[in-house]
Amino acid sequence: MAHVVVLGAGLGGTIMAYELRDNLSQGDRISIINKGSKYSFVPSNPWVAVGWRDRASIEVDLEPACKKRDIGLYPQGAKRLHAAENRIELTDGSFVDYDYLVIATGPELAFDEIPGFGPEANTQSVCHIDHALSAKDAFDKLVAKPGPVVIGAVQGASCYGPAYEFAFILEKALRDAKVRDKVPMTFITSEPYIGHLGLDGVGDTKGLLESAMRSKHIKWICNSKVQKFEADKVTVEEVNEDGSTKTIHEVASAYTMMLPAFRGVEAVRDIEGLTNPRGFILVDRHQQNGKYPNVFAVGVCVAIAPTGKTPVPVGVPKTGFMIESMVTATAKNIAKLVRGEKPNAEGSWNAVCLADFGDGGIAFVAQPQIPPRNVNWSSQGKWVHAAKIGFEKYFLHKIKSGTAEPFYEKLALQVLGIDKLKAVKFDD
């Protein structure tokens, strides 16, 4: 019997536990450690921020599904990982021992790295359901008293899709409220060009997103380093290709939502051999840590090198489908280890993304996510908005039912020619 612990119950962690249950025997124990017992569908937060969703519509209580699948749930949350001792200290002072650990914590949001940044200061956020609900209150005030808006992502950010989504969703919501004509909008990003996305673009995302912004009268500033956020303006340094200062902008703003840089959470940060200086988990192609071979990691907490040099630091996003490929590989590799065999599964890291714009959107497929690619495709249309709604309902049902991947999802992926796993390889 093995005890496998999953640290974190977000998109990656919850599905990780379900896939482990599918791959391990009933005699093996599986546990989830998480702050609270609720799963929240983060991709829907931009809709929450304009009142198109509420908390109840995007949250799932994990206790029934965990009980159904015989998965232990520790809602106290983790205080500190003691990797050398194979145990996790919980916030209530108790400990959970493990034979294998999968770290799926997601990130810590580094708002403190820029003065005036974050929901506790001068900006809004869609990174967490609580932030999004607060952003909805600020949206209502904006509608009542219109003014300029700034949306985007700061230096070191690695998640750009939600910034673009929210810019267009907010634009649509302001049109619906009949105040768009009173709200100038500026998109500020650390990307070297619009549509870079931390991936050096996918298909024609540059052309598609620039065209969409022009059509919606959204101005933009790229290669940007935000210096500070104030209640009524954003001070940003725009740099040249060599990193030298091009100009300093003071952009007026009555409502600001910019995505932060990420770092590893405190419970796992600064463990030698486990994390990089930023606190992200070091793993090999099997999602396995080199120093602690019984520790794996999936999702946003994984360390991935940037796709190339840029004038301003730009991180690499970990998209939902890419994370699910990590999860599938990890479940198979842990099952191998439990049986006394070597891990041999490698995630494809393919990216499939639906960026909703409120009444349309852009979809892209990158195989693999990191270039060069075998597939590099993007498209746009009203169908993307409908597809995003369908995926939200489908994924929440999957979490609620305790299903890792039903047969019809496998069939759909096969029809699209999207593989979660590379061909299984055996190490020498």
# chains A, B, ... in the order shown; residues from 1 in each chain; ligands from 1

call {"tool": "select_by_dssp", "arguments": {"residues": "segment 59-302 of chain A", "states": "alpha helix (DSSP H)", "output": "PyMOL selection string"}}
result
chain A and resi 62-68+129-144+161-176+205-215

call {"tool": "write_last_selection", "arguments": {"atoms": "C-alpha atoms", "output": "short mmCIF file (atom, residue, chain, number, x, y, z; two decimals), in the first residue's frame"}}
result
data_model
loop_
_atom_site.label_atom_id
_atom_site.label_comp_id
_atom_site.auth_asym_id
_atom_site.auth_seq_id
_atom_site.Cartn_x
_atom_site.Cartn_y
_atom_site.Cartn_z
CA LEU A 62 -15.17 18.60 -3.09
CA GLU A 63 -16.25 16.55 -0.09
CA PRO A 64 -18.98 14.48 -1.85
CA ALA A 65 -16.76 13.64 -4.83
CA CYS A 66 -13.78 12.79 -2.61
CA LYS A 67 -15.96 10.54 -0.47
CA LYS A 68 -17.35 8.85 -3.57
CA ILE A 129 -12.98 34.36 -6.81
CA ASP A 130 -12.79 36.78 -3.85
CA HIS A 131 -10.81 39.22 -5.98
CA ALA A 132 -13.31 38.92 -8.82
CA LEU A 133 -16.25 39.66 -6.52
CA SER A 134 -14.45 42.76 -5.27
CA ALA A 135 -13.76 43.73 -8.91
CA LYS A 136 -17.51 43.46 -9.56
CA ASP A 137 -18.19 46.07 -6.87
CA ALA A 138 -15.59 48.34 -8.49
CA PHE A 139 -17.20 47.71 -11.90
CA ASP A 140 -20.57 48.87 -10.57
CA LYS A 141 -18.92 52.08 -9.35
CA LEU A 142 -17.28 52.55 -12.75
CA VAL A 143 -20.64 52.26 -14.50
CA ALA A 144 -22.14 54.79 -12.10
CA GLY A 161 -4.81 35.19 -21.77
CA PRO A 162 -7.06 36.33 -18.89
CA ALA A 163 -5.84 39.92 -19.30
CA TYR A 164 -6.93 39.95 -22.95
CA GLU A 165 -10.16 38.18 -22.07
CA PHE A 166 -11.02 40.65 -19.36
CA ALA A 167 -10.24 43.67 -21.54
CA PHE A 168 -12.80 42.54 -24.12
CA ILE A 169 -15.33 41.22 -21.59
CA LEU A 170 -15.17 44.53 -19.73
CA GLU A 171 -15.54 46.40 -23.03
CA LYS A 172 -18.67 44.36 -23.83
CA ALA A 173 -20.12 44.91 -20.33
CA LEU A 174 -19.54 48.67 -20.63
CA ARG A 175 -21.31 48.69 -24.00
CA ASP A 176 -24.22 46.81 -22.46
CA THR A 205 -2.51 35.86 -32.50
CA LYS A 206 -0.59 39.10 -33.08
CA GLY A 207 -2.68 40.13 -36.05
CA LEU A 208 -5.95 38.85 -34.61
CA LEU A 209 -5.56 40.58 -31.24
CA GLU A 210 -4.24 43.83 -32.67
CA SER A 211 -7.18 43.95 -35.07
CA ALA A 212 -9.65 43.16 -32.29
CA MET A 213 -8.21 45.94 -30.11
CA ARG A 214 -8.34 48.47 -32.91
CA SER A 215 -11.94 47.55 -33.68
#

call {"tool": "select_by_dssp", "arguments": {"residues": "segment 41-122 of chain A", "states": "strand (DSSP E or B)", "output": "PyMOL selection string"}}
result
chain A and resi 59-61+72-74+76+78-82+87-90+95-97+100-103+108-109

call {"tool": "closest_residue", "arguments": {"among": "A:Val154, A:Val338, A:Ile362, A:Val327", "to": "Gly299 of chain A", "atoms": "only C-alpha atoms"}}
result
A:Val327

call {"tool": "closest_atom_pairs", "arguments": {"of": "segment 36-126 of chain A", "to": "segment 14-30 of chain A", "cutoff": "9 Å", "atoms": "only C-alpha atoms", "output": "CSV"}}
result
residue,atom,partner,partner_atom,distance
A:Tyr39,CA,A:Thr14,CA,8.0
A:Leu62,CA,A:Thr14,CA,8.6
A:Cys66,CA,A:Tyr18,CA,8.6
A:Arg69,CA,A:Arg21,CA,7.2
A:Asp70,CA,A:Ile30,CA,7.7
A:Ile71,CA,A:Ile30,CA,5.2
A:Gly72,CA,A:Ile30,CA,6.2
A:Leu73,CA,A:Ile30,CA,8.9
A:Val102,CA,A:Met16,CA,8.2
A:Ala104,CA,A:Met16,CA,8.5

call {"tool": "closest_atom_pairs", "arguments": {"of": "segment 62-155 of chain A", "to": "segment 234-253 of chain A", "cutoff": "7 Å", "atoms": "only C-alpha atoms", "output": "CSV"}}
result
residue,atom,partner,partner_atom,distance
A:Gly147,CA,A:Ser253,CA,6.9
A:Pro148,CA,A:Ser253,CA,4.7
A:Val149,CA,A:Ser253,CA,5.0
A:Val150,CA,A:Ser253,CA,6.0

call {"tool": "residues_around", "arguments": {"residues": "Tyr74 of chain A", "least_positions_apart": "5", "cutoff": "10 Å", "atoms": "only C-alpha atoms", "output": "PyMOL selection string"}}
result
chain A and resi 7+31-37+63+90+96

call {"tool": "write_last_selection", "arguments": {"atoms": "N, CA, C and O atoms", "output": "short mmCIF file (atom, residue, chain, number, x, y, z; two decimals), in the first residue's frame"}}
result
data_model
loop_
_atom_site.label_atom_id
_atom_site.label_comp_id
_atom_site.auth_asym_id
_atom_site.auth_seq_id
_atom_site.Cartn_x
_atom_site.Cartn_y
_atom_site.Cartn_z
N LEU A 7 -0.94 18.05 -3.11
CA LEU A 7 -0.93 19.32 -2.39
C LEU A 7 -1.53 20.40 -3.29
O LEU A 7 -0.90 20.86 -4.23
N SER A 31 -4.78 11.27 -0.88
CA SER A 31 -5.27 12.38 -0.07
C SER A 31 -5.01 13.70 -0.77
O SER A 31 -4.03 13.84 -1.52
N ILE A 32 -5.88 14.66 -0.54
CA ILE A 32 -5.72 16.03 -1.02
C ILE A 32 -5.56 16.95 0.18
O ILE A 32 -6.33 16.87 1.15
N ILE A 33 -4.57 17.82 0.14
CA ILE A 33 -4.41 18.88 1.14
C ILE A 33 -4.69 20.21 0.45
O ILE A 33 -4.07 20.54 -0.57
N ASN A 34 -5.62 20.98 1.00
CA ASN A 34 -6.03 22.21 0.34
C ASN A 34 -6.53 23.20 1.40
O ASN A 34 -6.99 22.80 2.47
N LYS A 35 -6.46 24.48 1.09
CA LYS A 35 -7.06 25.48 1.96
C LYS A 35 -8.54 25.54 1.66
O LYS A 35 -8.97 26.15 0.68
N GLY A 36 -9.32 24.86 2.48
CA GLY A 36 -10.76 24.78 2.27
C GLY A 36 -11.14 23.56 1.46
O GLY A 36 -10.29 22.84 0.93
N SER A 37 -12.44 23.32 1.35
CA SER A 37 -12.94 22.14 0.66
C SER A 37 -13.65 22.49 -0.65
O SER A 37 -14.32 21.65 -1.22
N GLU A 63 -16.06 17.64 -1.05
CA GLU A 63 -16.25 16.55 -0.09
C GLU A 63 -17.07 15.39 -0.65
O GLU A 63 -16.68 14.22 -0.50
N LEU A 90 0.62 20.78 8.55
CA LEU A 90 -0.61 21.51 8.24
C LEU A 90 -0.72 22.77 9.11
O LEU A 90 0.04 22.94 10.08
N VAL A 96 0.96 15.23 7.90
CA VAL A 96 0.51 14.16 7.02
C VAL A 96 1.74 13.56 6.36
O VAL A 96 2.51 14.27 5.70
#

call {"tool": "residues_around", "arguments": {"residues": "Val384 of chain A", "least_positions_apart": "4", "cutoff": "8 Å", "atoms": "only C-alpha atoms", "output": "NGL selection string"}}
result
:A and (354-356 or 360-363 or 380 or 388)

call {"tool": "closest_residue", "arguments": {"among": "A:Ala267, A:Val283, A:Ala157, A:Ala351", "to": "Val312 of chain A", "atoms": "only C-alpha atoms"}}
result
A:Ala157

call {"tool": "atom_distance", "arguments": {"atom1": "atom CA of Leu337 of chain A", "atom2": "atom CA of Thr91 of chain A"}}
result
29.7 Å

call {"tool": "residues_around", "arguments": {"residues": "Leu101 of chain A", "least_positions_apart": "2", "cutoff": "6 Å", "atoms": "only C-alpha atoms", "output": "PyMOL selection string"}}
result
chain A and resi 4-6+295

call {"tool": "write_last_selection", "arguments": {"atoms": "N, CA and C atoms", "output": "PDB file, in the first residue's frame"}}
result
ATOM      1  N   VAL A   4      -0.377   8.415  -1.491  1.00  0.00           N
ATOM      2  CA  VAL A   4      -0.029   9.498  -2.412  1.00  0.00           C
ATOM      3  C   VAL A   4      -0.805  10.740  -1.997  1.00  0.00           C
ATOM      4  N   VAL A   5      -0.094  11.823  -1.754  1.00  0.00           N
ATOM      5  CA  VAL A   5      -0.718  13.075  -1.332  1.00  0.00           C
ATOM      6  C   VAL A   5      -0.621  14.092  -2.469  1.00  0.00           C
ATOM      7  N   VAL A   6      -1.726  14.764  -2.732  1.00  0.00           N
ATOM      8  CA  VAL A   6      -1.766  15.852  -3.706  1.00  0.00           C
ATOM      9  C   VAL A   6      -1.887  17.149  -2.927  1.00  0.00           C
ATOM     10  N   VAL A 295       8.748  13.036  -5.289  1.00  0.00           N
ATOM     11  CA  VAL A 295       7.980  14.274  -5.388  1.00  0.00           C
ATOM     12  C   VAL A 295       7.815  14.648  -6.864  1.00  0.00           C
TER      13      VAL A 295
END

call {"tool": "atom_distance", "arguments": {"atom1": "atom CA of Gly203 of chain A", "atom2": "atom CA of Val365 of chain A"}}
result
8.3 Å
